[in-house]
Number of protein chains: 4
Amino acid sequence: MIKRIGILTGGGDCPGLNAVVRGVVHASILKHGWEVVGILDGFEGLVHNRTIPLPLSRIRGLLPKGGTILGTTNRGNPFNFPVLLPDGTKEARDYSQRVIQNMERMELDAVVAVGGDGTLGIAHKFCAMGARFIGIPKTIDNDISATEFTFGFMTAVDVATDAVDRLHTTAESHHRVMLLEVMGRDCGWIALYSGVAGGADVILIPEIPFDPDAVVGKIKNREEAGNLFSVIVVAEGAFPAEGNQSYVSVDPVTGQKRLGGISQFLAEQIQKKSNLEVRTTILGHIQRGGSPSAFDRTLATRFAVRAVDLLAEEKWDHMVAYRGGSIVFVPLEEGIGKLKRVDPDGEMVRMARNLGISFGSGS
Amino acid sequence: MIKRIGILTGGGDCPGLNAVVRGVVHASILKHGWEVVGILDGFEGLVHNRTIPLPLSRIRGLLPKGGTILGTTNRGNPFNFPVLLPDGTKEARDYSQRVIQNMERMELDAVVAVGGDGTLGIAHKFCAMGARFIGIPKTIDNDISATEFTFGFMTAVDVATDAVDRLHTTAESHHRVMLLEVMGRDCGWIALYSGVAGGADVILIPEIPFDPDAVVGKIKNREEAGNLFSVIVVAEGAFPAEGNQSYVSVDPVTGQKRLGGISQFLAEQIQKKSNLEVRTTILGHIQRGGSPSAFDRTLATRFAVRAVDLLAEEKWDHMVAYRGGSIVFVPLEEGIGKLKRVDPDGEMVRMARNLGISFGSGS
Amino acid sequence: MIKRIGILTGGGDCPGLNAVVRGVVHASILKHGWEVVGILDGFEGLVHNRTIPLPLSRIRGLLPKGGTILGTTNRGNPFNFPVLLPDGTKEARDYSQRVIQNMERMELDAVVAVGGDGTLGIAHKFCAMGARFIGIPKTIDNDISATEFTFGFMTAVDVATDAVDRLHTTAESHHRVMLLEVMGRDCGWIALYSGVAGGADVILIPEIPFDPDAVVGKIKNREEAGNLFSVIVVAEGAFPAEGNQSYVSVDPVTGQKRLGGISQFLAEQIQKKSNLEVRTTILGHIQRGGSPSAFDRTLATRFAVRAVDLLAEEKWDHMVAYRGGSIVFVPLEEGIGKLKRVDPDGEMVRMARNLGISFGSGS
Amino acid sequence: MIKRIGILTGGGDCPGLNAVVRGVVHASILKHGWEVVGILDGFEGLVHNRTIPLPLSRIRGLLPKGGTILGTTNRGNPFNFPVLLPDGTKEARDYSQRVIQNMERMELDAVVAVGGDGTLGIAHKFCAMGARFIGIPKTIDNDISATEFTFGFMTAVDVATDAVDRLHTTAESHHRVMLLEVMGRDCGWIALYSGVAGGADVILIPEIPFDPDAVVGKIKNREEAGNLFSVIVVAEGAFPAEGNQSYVSVDPVTGQKRLGGISQFLAEQIQKKSNLEVRTTILGHIQRGGSPSAFDRTLATRFAVRAVDLLAEEKWDHMVAYRGGSIVFVPLEEGIGKLKRVDPDGEMVRMARNLGISFGSGS
């Protein structure tokens, strides 16, 4: 029987986190009479026993607010916890037992872990040790394979689409190539959705390595047809198919290729290979802050209330997911390890090609 | 072999219609080299041969624009076409043969009908007569059972949620009950989504007839708990469970109960049964105009391009639909006749109840 | 020497009130070390001694929030205070001495009154009795003659303009007349600004009594020129030049003519005198709620900080005002009694006429 | 007597340019019956005789659209016109006589030049040669001294303020320093307004050279007071008071110090001098694109219609300006040469300091 639960938010900031916190607190207290404890700064708070109480009064007005009142961090994996030694160096320690002891000491009957691949993976490892965790998937990148949508994604797409709309008017007025770099890590979802929604001419995503010559070719074709401007949306993780390897770095964790400054590389290539003016905008963190859209508030709230059902059913090691219009329960294992990437031959990409959008590749 | 197609938009205005027109034209011309003809004012244009050409130049900049450049109307069913007689009276005639002749005369190999239940039903009847129609579902009400989402719906929800947010601040500042009436015809989807997204205290929908006393009871409970304000979202089609029948009219076409002035009725009831100030806002047509959201632009565009695939595959009497994250083809018959209504015992309603939201009913 | 001040908000809700409260608290504490007390629900709080402390922690995150954390009311004039008698009737009493005593008892060295004509007028009367008040003008109607702009006005105009934009697309798609009723009480500023910004065809304001025939004439002229739709913005206080007196009521306080349901009257007139479909939207309270625009947040903050300067200079019976790009100090007397109305022969109206906008009058 | 006028837009893209074009066309045709010719790409169009006709049908729906249908460019000063020689080198020629001849050949009785300092200065030089120009001031930077506001500015401030709001939630959630670089060239208006409206902790503007240590000091003070995050808005033209000269370049035209990568410099300084994580966003071109706000649409329209009055009164060598709530006429000379900069001791800066905002300087 549950009496008291904890909730933590891990990984990058994401619109809808506060809506999740509110939903979990509301349903826990109103439906079940449980007490809810807010764990601060992700798993770090479980290592260091840093918490706040979450009564109903604490969550008033929280639904539309961006960010997370619990704080969040990308560091603090208890299985690999960075510790500062007296001599100033850092060492990674396994603090997982400490977390389990802290959960007992805090009398937490279970913990709701809200986060992406990393956070959910840690929760899953704790479940394997007998701890009681459930998960709520969170990422603006929409790259979790177990769920059709994650909250935060459509808000990021809204922000990016608004930027594409704005750049369009400048592109047209100045006969320029406007280049917008959006987030998405190793997946092209934000670029693909905002590029389609904003009517971009070229969309570059990590799933389809691009050829700079093909991009320039597309722009020149448009020019010859009387369109003296072009708008390009490039995902931060996009990279050229070959050559130019100096722009590519390898992610030490995943072993995947990563780019620093893909939009700068691309702008230089276009300016070198055509006589067109290029202007670059890196949209950055404004994609992950601010009030969640109605879609994301609803999704976050549904996830939250169903997560409380998961707790009530004591289905540890599970997470909520959105599939076919419903919220379903899936094992945490399904939510981790495997990225949901854009299918280069799937419906969305084929559709975009049929609209005349170029992905900077031959096919 | 298709050479030339028509496209028409029927029923109420809806954000994303222009995005559909653009998508169909783009994919038809770029992918297949077809000519596209715009039929004006829904089926009326097929009766009276009123069309415009739709070359690529005509659709430039159309994606983000609200409304439909083709015009639309709720009248003009060719099977039951209103004709003005010389004596000033009106008579309904069957002009369906005329439509089929016109399609031949205009050399239209097929027609894309974009509309709701009514428009899709007419297209289906024409297919039974051998004409070549395919459908794209459209409604801000999201009440078409064959598809999880229709474009326009989330934009309407965004507008309604923004209104709930705004009314919240006035409700709090003035210790008032703020009542917002939203659209949705006989379904409560817009009310349910915007009510959940906006954090409403009471949501009233046609699928759950309400008891005014239960609404007042909820408000009074909130007052006793120190919340001196409440926000109510009421669907235009909501109605009281019993009595007060004078506020209910019966729709002559569907035979369904309809309400005039549900929000006025409700405001009077609350003011009579409590000592609280009530302020009413009827959101009206601003829910169906304006630029579509990124979600709706993407969905409308996917529908459009996939509809062109439907044409290329010559799957007449079918429509596109959104299911499980993909665009699928379903027989037109599945899209019509049966409304997709909110399930009073479904996940969304149960979730909302778990959040403490009242539906004005005992359970 | 000031040690402790109070702040109250009176009259209708208005975007920017919380920004004012935040600004006054910030500048009072950081610049002068004063204590700030929040008086609840306007002057009612001074009658009944209802206050909250306002330390820096209380105003964190308040700047972008709509509404007022102090509460506000249109009732509660201490010179004419409504008292409920034991027999259930109401009586108006003069509680002004009680307010002055309460200010002493609460050790308030001065009070900042944030409000419109009514609130500022009460503050001025208290000053005449020797009490220390200063004023900050507030109204979404922008009708205070002493200041070029009041905060809240441009946010209301933004909301109304967004509605005009949305109605435009429906008007065009359906060949309809769309009618939008906006706020503004006895002044046409919101209608004029949002009508010009939204590209309305007809703007009806209280300062220019209109002729329904002229409105219909304008719509018909547009129709003949091929524009099968029209958008009308009508101020809530607009009224017909003659006849139709049954729609007009006389405001008991000001003696001015007031209309109930001006947009309903107008819609009926247009439908009777033309064969056009008319759809009406009454925008209502969403104009006065929600997060203030950047313009209003800046103006509210400037007013607030300069009001603290007013206090420091001990210029009682004065208010802040915006003139020629600067915040200036003017006697409270200048801010009250005289409405700033739209000049029917002024630049704004002449400009609008030059654009082809009709005001429903002959000239 | 005027029969035919031209209009051109010069300099950077700016929300409201299309509203100006629409207003000039509307008032010219409807009020005076003049013909209006659109000159393409600023003064370049006058050198090369590149124009489009501007009948009423051409400007339909133009009011809310961003950008300019006339095209614009920062190049093309006819007094110093870049010409490509056969050998591939460029040479600057004086094409001013050619412009005057072209105006005659095109039978333009006068030209409306819409632009900033540069464009208005060229128009003024042509007036000295006897040509008939009037000006409409345009700049998102709000740096033209003759007018209190220019259109485009408040839209840029809206976009920047929305970004500050979004970064705030990430700053809080991650306990980070978020740094936002905004436009404004050599003036700090966009930074100052959006910083105040968004509640920034530090605002850095070109008018107040900053000390990196003072910025870090402010952040550390906040940390000690329990505020583990800070938001900094930095104008693109801001620069450090001394040292770090390698980051400073000198503008060849104005001789003023300019910075490349001020936000990068600042981020490095903060990270070096504190242990805080810093994240940088360069807002870029999304500040100058997109639909103008209601304020800017109204201002642009007023400027446009009054500019037509200027033409009708044949007051050549003048421009329109916004002062004290009215549109006035001032000699072009007043609009050029002298930047309107933020007064480091003026009301706005003093107000911001009273709110606790740091400008990175001692005083």
# chains A, B, ... in the order shown; residues from 1 in each chain; ligands from 1
$ closest_atom_pairs --of "chain D" --to "chain A" --cutoff "6 Å" --atoms "only C-alpha atoms" --output "CSV"
residue,atom,partner,partner_atom,distance
D:Asp13,CA,A:Thr170,CA,5.8
D:Gly66,CA,A:Thr169,CA,5.5
D:Gly67,CA,A:Thr169,CA,4.7
D:Thr68,CA,A:Ser173,CA,5.4
D:Gly71,CA,A:Ser173,CA,4.3
D:Thr72,CA,A:His174,CA,5.6
D:Ala163,CA,A:Ile286,CA,5.8
D:Arg166,CA,A:Gly290,CA,4.0
D:Leu167,CA,A:Gly289,CA,5.7
D:Thr169,CA,A:Gly67,CA,4.7
D:Thr170,CA,A:Gly289,CA,5.5
D:Ser173,CA,A:Gly71,CA,4.3
D:His174,CA,A:Thr72,CA,5.6
D:Thr281,CA,A:Gly284,CA,5.8
D:Gly284,CA,A:Thr281,CA,5.8
D:Ile286,CA,A:Arg166,CA,5.5
D:Gly289,CA,A:Arg166,CA,4.2
D:Gly290,CA,A:Arg166,CA,4.0
$ write_last_selection --atoms "C-alpha atoms" --output "PDB file, in the first residue's frame"
ATOM      1  CA  ASP D  13      13.813  44.043 -43.434  1.00  0.00           C
ATOM      2  CA  GLY D  66       5.905  40.707 -42.676  1.00  0.00           C
ATOM      3  CA  GLY D  67       8.668  41.816 -45.016  1.00  0.00           C
ATOM      4  CA  THR D  68       8.196  44.013 -48.076  1.00  0.00           C
ATOM      5  CA  GLY D  71      12.221  43.942 -51.889  1.00  0.00           C
ATOM      6  CA  THR D  72      14.917  45.820 -50.022  1.00  0.00           C
ATOM      7  CA  ALA D 163      12.656  34.741 -25.787  1.00  0.00           C
ATOM      8  CA  ARG D 166      11.350  31.210 -22.383  1.00  0.00           C
ATOM      9  CA  LEU D 167      14.976  31.387 -21.226  1.00  0.00           C
ATOM     10  CA  THR D 169      12.201  28.875 -17.237  1.00  0.00           C
ATOM     11  CA  THR D 170      15.321  27.040 -18.393  1.00  0.00           C
ATOM     12  CA  SER D 173      15.166  24.739 -13.872  1.00  0.00           C
ATOM     13  CA  HIS D 174      18.884  24.247 -14.528  1.00  0.00           C
ATOM     14  CA  THR D 281      21.267  32.330 -27.545  1.00  0.00           C
ATOM     15  CA  GLY D 284      19.216  36.953 -34.887  1.00  0.00           C
ATOM     16  CA  ILE D 286      13.703  36.288 -36.223  1.00  0.00           C
ATOM     17  CA  GLY D 289      10.643  39.094 -39.733  1.00  0.00           C
ATOM     18  CA  GLY D 290       7.060  38.080 -39.299  1.00  0.00           C
TER      19      GLY D 290
END
$ residues_around --residues "B:Pro212" --least-positions-apart "6" --cutoff "12 Å" --atoms "only C-alpha atoms" --output "list in words"
Val202, Leu204, Lys218, Ile219, Ala238, Phe239, Pro240, Ala241, Glu242, Gly243, Asn244, Ile262, Ser263, Phe265, Leu266, Ala267, Glu268, Gln269, Ile270, Gln271, Lys272, Lys273, Ser274, Ser358, Phe359, Gly360, Ser361 and Gly362 of chain B
$ select_by_dssp --residues "stretch 58-228 of chain A" --states "helix (DSSP H, G or I)" --output "count of residues only"
72
$ select_by_dssp --residues "stretch 4-104 of chain D" --states "strand (DSSP E)" --output "PyMOL selection string"
chain D and resi 4-9+35-39+51-53+81-84+90-93
$ write_last_selection --atoms "N, CA and C atoms" --output "short mmCIF file (atom, residue, chain, number, x, y, z; two decimals), in the first residue's frame"
data_model
loop_
_atom_site.label_atom_id
_atom_site.label_comp_id
_atom_site.auth_asym_id
_atom_site.auth_seq_id
_atom_site.Cartn_x
_atom_site.Cartn_y
_atom_site.Cartn_z
N ARG D 4 1.22 60.69 -60.27
CA ARG D 4 1.84 59.38 -60.22
C ARG D 4 3.02 59.45 -59.26
N ILE D 5 3.04 58.55 -58.28
CA ILE D 5 4.14 58.56 -57.32
C ILE D 5 4.80 57.19 -57.27
N GLY D 6 6.03 57.20 -56.77
CA GLY D 6 6.74 55.94 -56.55
C GLY D 6 6.93 55.73 -55.05
N ILE D 7 7.16 54.48 -54.69
CA ILE D 7 7.49 54.17 -53.30
C ILE D 7 8.58 53.11 -53.30
N LEU D 8 9.58 53.30 -52.44
CA LEU D 8 10.66 52.30 -52.32
C LEU D 8 10.93 52.03 -50.85
N THR D 9 11.42 50.81 -50.57
CA THR D 9 11.82 50.45 -49.21
C THR D 9 13.30 50.10 -49.21
N GLU D 35 -1.80 57.44 -59.22
CA GLU D 35 -1.28 56.11 -59.54
C GLU D 35 -0.04 55.87 -58.68
N VAL D 36 0.15 54.64 -58.24
CA VAL D 36 1.32 54.34 -57.41
C VAL D 36 2.16 53.25 -58.07
N VAL D 37 3.46 53.52 -58.11
CA VAL D 37 4.42 52.59 -58.71
C VAL D 37 5.34 52.06 -57.61
N GLY D 38 5.51 50.76 -57.56
CA GLY D 38 6.43 50.17 -56.60
C GLY D 38 7.82 50.05 -57.19
N ILE D 39 8.81 50.67 -56.54
CA ILE D 39 10.20 50.61 -57.01
C ILE D 39 10.89 49.45 -56.30
N THR D 51 10.48 48.30 -61.66
CA THR D 51 9.27 48.68 -60.92
C THR D 51 8.13 47.69 -61.15
N ILE D 52 7.13 47.76 -60.28
CA ILE D 52 5.87 47.04 -60.49
C ILE D 52 4.72 48.02 -60.26
N PRO D 53 3.61 47.84 -60.96
CA PRO D 53 2.44 48.68 -60.67
C PRO D 53 1.84 48.28 -59.33
N PHE D 81 27.49 53.98 -56.20
CA PHE D 81 26.87 52.74 -56.65
C PHE D 81 27.91 51.71 -57.08
N PRO D 82 27.82 50.50 -56.53
CA PRO D 82 28.82 49.48 -56.88
C PRO D 82 28.58 48.93 -58.29
N VAL D 83 29.60 49.05 -59.12
CA VAL D 83 29.49 48.57 -60.50
C VAL D 83 30.53 47.48 -60.72
N LEU D 84 30.10 46.39 -61.32
CA LEU D 84 30.99 45.28 -61.62
C LEU D 84 31.68 45.56 -62.96
N LYS D 90 35.26 45.64 -58.66
CA LYS D 90 34.12 46.53 -58.45
C LYS D 90 34.59 47.97 -58.34
N GLU D 91 33.72 48.87 -58.75
CA GLU D 91 34.04 50.29 -58.66
C GLU D 91 32.79 51.01 -58.21
N ALA D 92 32.94 52.07 -57.44
CA ALA D 92 31.78 52.85 -57.01
C ALA D 92 31.59 54.03 -57.96
N ARG D 93 30.40 54.20 -58.48
CA ARG D 93 30.11 55.32 -59.39
C ARG D 93 29.02 56.19 -58.82
#
$ atom_distance --atom1 "atom CA of B:Met1" --atom2 "atom CA of B:Met129"
19.9 Å
$ atom_distance --atom1 "atom CA of D:Gly198" --atom2 "atom CA of A:Arg60"
22.3 Å
$ residues_around --residues "C:Thr155" --least-positions-apart "5" --cutoff "7 Å" --atoms "only C-alpha atoms" --output "list in words"
Pro15, Pro292, Ser293 and Asp296 of chain C
$ residues_around --residues "stretch 319-327 of chain C" --least-positions-apart "4" --cutoff "6 Å" --atoms "only C-alpha atoms" --output "ChimeraX atom specification"
/C:134-136,147-148,332 /D:324
$ residues_around --residues "stretch 350-355 of chain B" --least-positions-apart "5" --cutoff "6 Å" --atoms "only C-alpha atoms" --output "ChimeraX atom specification"
/A:26-27,31,305
$ residues_around --residues "A:Arg222" --least-positions-apart "6" --cutoff "12 Å" --atoms "only C-alpha atoms" --output "PyMOL selection string"
chain A and resi 175-177+201-202+215-216+228-231+356-358
$ atom_distance --atom1 "atom CA of C:Glu334" --atom2 "atom CA of C:Ala307"
16.1 Å
